[in-house]
Amino acid sequence: MKQFFLTMLGVFAGLVAFFIILPVAALLFFAAAAGASKPTTPAHTVLELDLREGLTDQVPTNPFAAFGGSGLSVVGVVDTLAQAEKDSNVKVLLIRAPEGGMNPAAADELRQAIARFRASGKTVIAHSQGFMPVGAVVSSYMVAAGADQLWMQNTASFQATGLSTDSVFLGRAFQKYGVKPEFEQRYEYKNAVNEYTQSDFTPAHREAMTAWMTSIYDSALAQIARDRKTTPEALKAVIEAGPYSADQALSLKLVDKIGQVEEAEKAAKDKAGKDAKIVSFGDYAALQGARTGSGKSAIAIVGGEGAIMTGRGGVSPFGSGSDIRSDDTAKAIYQAIEDKDVKAIVFRVSSPGGSPEASEQILAAVRAAKAAGKPVVVSMGAYAASGGYWISSEANWIVAQPTTLTGSIGVFGGKFVLADALGRFGVDMRGLSVGGDYSDAFSPSHGFDQGQRAAFAASMDRTYEEFVARVSTGRKLPVERVREIAKGRVWTGAQAKGLGLVDELGGLTEAVAKARRLANIPSSESVRFKRYPTPQSPWEALATAFGASGEAAQVLVKVGRVMGDPAAEAMLQQVQTERLRSRGAVVMADQPGL
């Protein structure tokens, strides 16, 4: 038996080493090697941007986020393309288009960055293995249609014929199984509650969703029509008559060429020049690093992506998820306030909402920045709704994509009563409480009594009125006007601009330009970019994950010191130099040591 346990322990240790320790060690090894030399890209580079594995909105602060996805972000792609525009070695951008839908606001921002890349005199080629009727596929087509050439595989089909979404309603199921949802919502358009209480769309729910879906669809059609040199009306008639085979799509001028991706790659390399090489976007971005700019004045870029919660965030070593922690985000803004070189703050927000208390803590930091004479410009990503709009509402200027989902000025809350549901399985739930009547208001063993319901409803009313007041103050709108356009309704950026909830349509580039103007930085003067929160190093992330006082953290620190040893660095530099040269890269001459 002892031998059995020793054998199992050995197997377990081997699995840990193979799946965790070795990948981490390899990543750290090559990260250190990459930092040890200063390579440039091959002289004739085709930059390949593969959008099929999805994007986050912002560059994660977790250095191991790539383990959980593509490792690419909208902000990172925009930043890297801005650098590629000025890199004389980069000749062509090759895009691998996703088959399903992508986030509409992300698609808008990518299309704008691609258009700027083309305007610099460089070529963009896109390849598609089909457009399937999944999600916002019309947005995926919009990105691909912005290329100089759009290729489609011969066996693929063009099924981007519109925009659809599905909602799951649990009302009948909860009723059948004895689960009683007890919620308050402010007001009828705050439809997240409907999924628990209804079996179909309410009239308000249907109205709001149809409106923002139509806005997204119309916006995509307008952009595609511009790039394909037709009219939105003609394009709409053609695509809605689909689906089509690749040959049919070609004859209708929805695509430009038919061929395998290898043929598109060859065309891109031929365009790039003799001995052209394909470089993955992630590799190129890693070599370039974040755009830092230059100059005395700086603009802070503060990032916030995910649900808004109180407290501080931790780092999961291999997770790609993110959230907005109020302590961390507020601290980042205060750090930007205290930095004398920072003249303005661009606050990138991509959030569906969250805690009102956490949102207010972050908004207080935004107010502090304005009071310190540092204008704040919000750049909205995929969405900035509910709490995401709360933290944006009092900025000096708000920039959103036409398809950003924003607004949702409202609040909801409540609980599920589970006693009857559990009782059907022979499980009895009983509660005990001491103190006031409200002490067990959120117990799942019983519903709200009359006093509890009244008190809870009053708290919902207070939060809603506080939200309305902040929007009224920040947007300089009469309170009654805010109440008219609030009620929990979601708007697209294009709709929100017409209502006065957004100032400008665009992305991070437009937000930075506005921040410069508000800070009175001359257009002739260069600026630096400072990013908050500061990304963690691999050693810091792993130490945080395992506990700073743990033995594992101490070992990691020692490994980090070894990586910093001059002899180790010299070895890593030589390895990386030879590796890059073997791929055709031009590497700077070795520098003499001291």
# chains A, B, ... in the order shown; residues from 1 in each chain; ligands from 1
$ select_by_dssp --residues "segment 60-267 of chain A" --states "strand (DSSP E)" --output "compact mmCIF listing (two decimals) with N, CA, C and O atoms, in the first residue's frame"
# COMPACT_ATOMS: atom_id res chain seq x y z
N VAL A 90 7.00 46.49 -42.06
CA VAL A 90 5.67 45.90 -42.18
C VAL A 90 5.02 46.40 -43.45
O VAL A 90 4.77 47.60 -43.61
N LYS A 91 4.73 45.49 -44.36
CA LYS A 91 4.19 45.87 -45.67
C LYS A 91 2.71 45.55 -45.81
O LYS A 91 1.97 46.27 -46.49
N VAL A 92 2.28 44.42 -45.21
CA VAL A 92 0.92 43.92 -45.44
C VAL A 92 0.34 43.42 -44.11
O VAL A 92 1.07 42.84 -43.29
N LEU A 93 -0.94 43.63 -43.93
CA LEU A 93 -1.69 43.04 -42.82
C LEU A 93 -2.60 41.96 -43.38
O LEU A 93 -3.39 42.21 -44.28
N LEU A 94 -2.48 40.74 -42.84
CA LEU A 94 -3.32 39.62 -43.25
C LEU A 94 -4.26 39.28 -42.09
O LEU A 94 -3.82 38.95 -41.00
N ILE A 95 -5.57 39.37 -42.35
CA ILE A 95 -6.57 39.14 -41.31
C ILE A 95 -7.24 37.78 -41.52
O ILE A 95 -7.70 37.48 -42.63
N ARG A 96 -7.29 36.96 -40.47
CA ARG A 96 -8.07 35.74 -40.49
C ARG A 96 -9.41 36.05 -39.82
O ARG A 96 -9.49 36.25 -38.60
N THR A 123 -1.11 47.63 -47.39
CA THR A 123 -2.16 46.76 -47.92
C THR A 123 -2.74 45.86 -46.83
O THR A 123 -2.02 45.40 -45.94
N VAL A 124 -4.05 45.63 -46.92
CA VAL A 124 -4.74 44.73 -46.00
C VAL A 124 -5.46 43.66 -46.81
O VAL A 124 -6.21 43.97 -47.74
N ILE A 125 -5.18 42.40 -46.48
CA ILE A 125 -5.85 41.27 -47.12
C ILE A 125 -6.54 40.46 -46.03
O ILE A 125 -5.94 40.17 -44.99
N ALA A 126 -7.81 40.11 -46.24
CA ALA A 126 -8.56 39.31 -45.28
C ALA A 126 -8.95 37.99 -45.91
O ALA A 126 -9.21 37.92 -47.12
N HIS A 127 -8.98 36.94 -45.10
CA HIS A 127 -9.41 35.63 -45.58
C HIS A 127 -10.48 35.08 -44.64
O HIS A 127 -10.37 35.16 -43.42
N SER A 128 -11.53 34.53 -45.24
CA SER A 128 -12.64 33.97 -44.47
C SER A 128 -12.88 32.53 -44.86
O SER A 128 -12.85 32.18 -46.05
N GLN A 149 -8.52 43.44 -50.09
CA GLN A 149 -9.00 42.22 -50.74
C GLN A 149 -9.63 41.32 -49.68
O GLN A 149 -9.04 41.12 -48.62
N LEU A 150 -10.80 40.79 -49.99
CA LEU A 150 -11.45 39.82 -49.10
C LEU A 150 -11.54 38.48 -49.84
O LEU A 150 -12.23 38.37 -50.85
N TRP A 151 -10.82 37.50 -49.32
CA TRP A 151 -10.81 36.16 -49.89
C TRP A 151 -11.79 35.28 -49.11
O TRP A 151 -12.00 35.46 -47.91
N MET A 152 -12.36 34.29 -49.82
CA MET A 152 -13.20 33.29 -49.16
C MET A 152 -12.84 31.91 -49.68
O MET A 152 -12.61 31.73 -50.88
N SER A 157 -19.44 29.23 -47.08
CA SER A 157 -20.70 29.87 -47.46
C SER A 157 -20.83 31.22 -46.77
O SER A 157 -20.30 31.43 -45.67
N PHE A 158 -21.52 32.12 -47.43
CA PHE A 158 -21.75 33.46 -46.91
C PHE A 158 -23.15 33.50 -46.30
O PHE A 158 -24.15 33.47 -47.01
N LYS A 180 -39.10 30.79 -6.17
CA LYS A 180 -39.85 32.06 -6.24
C LYS A 180 -38.88 33.24 -6.31
O LYS A 180 -38.24 33.58 -5.31
N PRO A 181 -38.76 33.86 -7.48
CA PRO A 181 -37.90 35.05 -7.57
C PRO A 181 -38.63 36.29 -7.04
O PRO A 181 -39.77 36.57 -7.45
N GLU A 182 -38.00 36.99 -6.13
CA GLU A 182 -38.59 38.22 -5.59
C GLU A 182 -37.61 39.36 -5.85
O GLU A 182 -36.57 39.46 -5.19
N PHE A 183 -37.94 40.19 -6.82
CA PHE A 183 -37.03 41.25 -7.25
C PHE A 183 -37.77 42.59 -7.36
O PHE A 183 -38.98 42.63 -7.57
N GLU A 184 -36.98 43.64 -7.25
CA GLU A 184 -37.43 45.00 -7.55
C GLU A 184 -36.57 45.51 -8.70
O GLU A 184 -35.35 45.26 -8.74
N GLN A 185 -37.18 46.20 -9.66
CA GLN A 185 -36.43 46.76 -10.78
C GLN A 185 -36.87 48.20 -11.03
O GLN A 185 -38.03 48.55 -10.85
N ARG A 186 -35.92 49.02 -11.43
CA ARG A 186 -36.19 50.43 -11.72
C ARG A 186 -35.58 50.77 -13.09
O ARG A 186 -34.40 50.94 -13.22
N TYR A 244 -25.45 32.46 -49.43
CA TYR A 244 -24.84 32.23 -50.73
C TYR A 244 -23.64 31.31 -50.62
O TYR A 244 -22.99 31.21 -49.57
N SER A 245 -23.36 30.64 -51.72
CA SER A 245 -22.10 29.90 -51.84
C SER A 245 -20.97 30.90 -52.05
O SER A 245 -21.22 32.09 -52.31
N LYS A 257 -12.11 37.49 -53.92
CA LYS A 257 -11.40 36.35 -54.49
C LYS A 257 -11.79 35.08 -53.76
O LYS A 257 -12.21 35.13 -52.60
N ILE A 258 -11.65 33.96 -54.46
CA ILE A 258 -11.89 32.66 -53.85
C ILE A 258 -10.58 31.89 -53.82
O ILE A 258 -9.84 31.84 -54.81
$ residues_around --residues "Arg291 of chain A" --least-positions-apart "4" --cutoff "9 Å" --atoms "only C-alpha atoms" --output "ChimeraX atom specification"
/A:79-80,82-83,528-529
$ atom_distance --atom1 "atom CA of Val411 of chain A" --atom2 "atom CA of Ser386 of chain A"
7.5 Å
$ residues_around --residues "Val468 of chain A" --least-positions-apart "6" --cutoff "8 Å" --atoms "only C-alpha atoms" --output "list in words"
Ile409, Val479, Val482, Arg483 and Ala486 of chain A
$ select_by_dssp --residues "segment 126-362 of chain A" --states "alpha helix (DSSP H)" --output "PyMOL selection string"
chain A and resi 137-145+171-177+194-197+203-227+232-240+246-251+261-272+281-288+326-338+356-362
$ residues_around --residues "segment 322-338 of chain A" --least-positions-apart "5" --cutoff "6 Å" --atoms "only C-alpha atoms" --output "list in words"
Gly304, Glu305, Gly306, Ala307, Ile308, Met309, Thr310, Gly311, Arg312, Gly313, Ala358, Ile362, Ala365, Ala369, Tyr532 and Pro533 of chain A
$ write_last_selection --atoms "N, CA and C atoms" --output "mmCIF file, in the first residue's frame"
data_model
loop_
_atom_site.group_PDB
_atom_site.id
_atom_site.type_symbol
_atom_site.label_atom_id
_atom_site.label_comp_id
_atom_site.auth_asym_id
_atom_site.auth_seq_id
_atom_site.Cartn_x
_atom_site.Cartn_y
_atom_site.Cartn_z
ATOM 1 N N GLY A 304 -10.355 49.624 -17.214
ATOM 2 C CA GLY A 304 -11.339 48.961 -16.366
ATOM 3 C C GLY A 304 -12.227 48.078 -17.222
ATOM 4 N N GLU A 305 -12.156 46.744 -17.033
ATOM 5 C CA GLU A 305 -12.942 45.817 -17.840
ATOM 6 C C GLU A 305 -13.590 44.776 -16.943
ATOM 7 N N GLY A 306 -14.889 44.536 -17.135
ATOM 8 C CA GLY A 306 -15.589 43.491 -16.398
ATOM 9 C C GLY A 306 -16.595 44.055 -15.409
ATOM 10 N N ALA A 307 -17.149 43.156 -14.611
ATOM 11 C CA ALA A 307 -18.135 43.555 -13.599
ATOM 12 C C ALA A 307 -17.469 44.413 -12.528
ATOM 13 N N ILE A 308 -18.217 45.364 -12.006
ATOM 14 C CA ILE A 308 -17.694 46.305 -11.014
ATOM 15 C C ILE A 308 -18.001 45.784 -9.620
ATOM 16 N N MET A 309 -16.943 45.608 -8.816
ATOM 17 C CA MET A 309 -17.087 45.065 -7.467
ATOM 18 C C MET A 309 -16.232 45.847 -6.488
ATOM 19 N N THR A 310 -16.613 45.804 -5.222
ATOM 20 C CA THR A 310 -15.808 46.449 -4.192
ATOM 21 C C THR A 310 -14.570 45.612 -3.910
ATOM 22 N N GLY A 311 -13.573 46.263 -3.311
ATOM 23 C CA GLY A 311 -12.388 45.532 -2.866
ATOM 24 C C GLY A 311 -11.236 45.579 -3.840
ATOM 25 N N ARG A 312 -10.282 44.683 -3.574
ATOM 26 C CA ARG A 312 -9.084 44.569 -4.402
ATOM 27 C C ARG A 312 -9.113 43.254 -5.149
ATOM 28 N N GLY A 313 -8.460 43.234 -6.305
ATOM 29 C CA GLY A 313 -8.427 42.021 -7.106
ATOM 30 C C GLY A 313 -7.162 41.236 -6.864
ATOM 31 N N ALA A 358 -19.359 50.306 -5.241
ATOM 32 C CA ALA A 358 -18.068 50.272 -5.933
ATOM 33 C C ALA A 358 -18.027 51.330 -7.031
ATOM 34 N N ILE A 362 -15.335 54.695 -7.444
ATOM 35 C CA ILE A 362 -14.557 55.016 -8.650
ATOM 36 C C ILE A 362 -14.930 56.394 -9.175
ATOM 37 N N ALA A 365 -13.179 59.181 -7.485
ATOM 38 C CA ALA A 365 -11.809 59.385 -7.980
ATOM 39 C C ALA A 365 -11.824 60.214 -9.264
ATOM 40 N N ALA A 369 -9.977 63.845 -9.887
ATOM 41 C CA ALA A 369 -9.100 64.190 -11.005
ATOM 42 C C ALA A 369 -9.521 65.518 -11.623
ATOM 43 N N TYR A 532 -2.286 52.584 -16.290
ATOM 44 C CA TYR A 532 -2.636 52.142 -14.938
ATOM 45 C C TYR A 532 -3.849 51.203 -15.031
ATOM 46 N N PRO A 533 -3.940 50.184 -14.165
ATOM 47 C CA PRO A 533 -2.944 49.719 -13.211
ATOM 48 C C PRO A 533 -1.719 49.166 -13.933
#
$ closest_residue --among "A:Ala268, A:Ala211, A:Ala382, A:Ala300" --to "Met102 of chain A" --atoms "only C-alpha atoms"
A:Ala382
$ residues_around --residues "segment 424-434 of chain A" --least-positions-apart "3" --cutoff "12 Å" --atoms "only C-alpha atoms" --output "PyMOL selection string"
chain A and resi 176-179+417-421+437-447
$ closest_residue --among "A:Ile301, A:Ile485, A:Val77, A:Val399" --to "Glu510 of chain A" --atoms "only C-alpha atoms"
A:Val399
$ closest_residue --among "A:Gly373, A:Asp275, A:Tyr196, A:Ser359" --to "Ala385 of chain A" --atoms "only C-alpha atoms"
A:Ser359
$ atom_distance --atom1 "atom CA of Glu195 of chain A" --atom2 "atom CA of Ser167 of chain A"
7.6 Å
$ atom_distance --atom1 "atom CA of Gly101 of chain A" --atom2 "atom CA of Gly242 of chain A"
16.7 Å
$ closest_residue --among "A:Met213, A:Val137, A:Val527, A:Met380" --to "Ala298 of chain A" --atoms "only C-alpha atoms"
A:Val527
$ residues_around --residues "Phe281 of chain A" --least-positions-apart "3" --cutoff "9 Å" --atoms "only C-alpha atoms" --output "list of chain:residue names"
A:Leu47, A:Glu48, A:Leu49, A:Asp50, A:Leu72, A:Val77, A:Thr80, A:Tyr284, A:Ala285, A:Ala286
$ closest_residue --among "A:Gly493, A:Pro352, A:Gly146, A:Gly293" --to "Ile398 of chain A" --atoms "only C-alpha atoms"
A:Gly493
$ residues_around --residues "segment 388-397 of chain A" --least-positions-apart "4" --cutoff "9 Å" --atoms "only C-alpha atoms" --output "JSON, numbers by chain"
{"A": [307, 308, 347, 349, 350, 351, 352, 353, 354, 356, 359, 360, 361, 362, 363, 364, 366, 367, 370, 375, 376, 377, 378, 379, 380, 383, 384, 406, 407, 408, 409, 467, 470, 471, 472, 473, 474, 475, 501, 502, 503, 504, 511, 514, 515, 518]}
$ closest_residue --among "A:Arg453, A:Lys271, A:His205, A:Arg348" --to "Tyr187 of chain A" --atoms "only C-alpha atoms"
A:His205
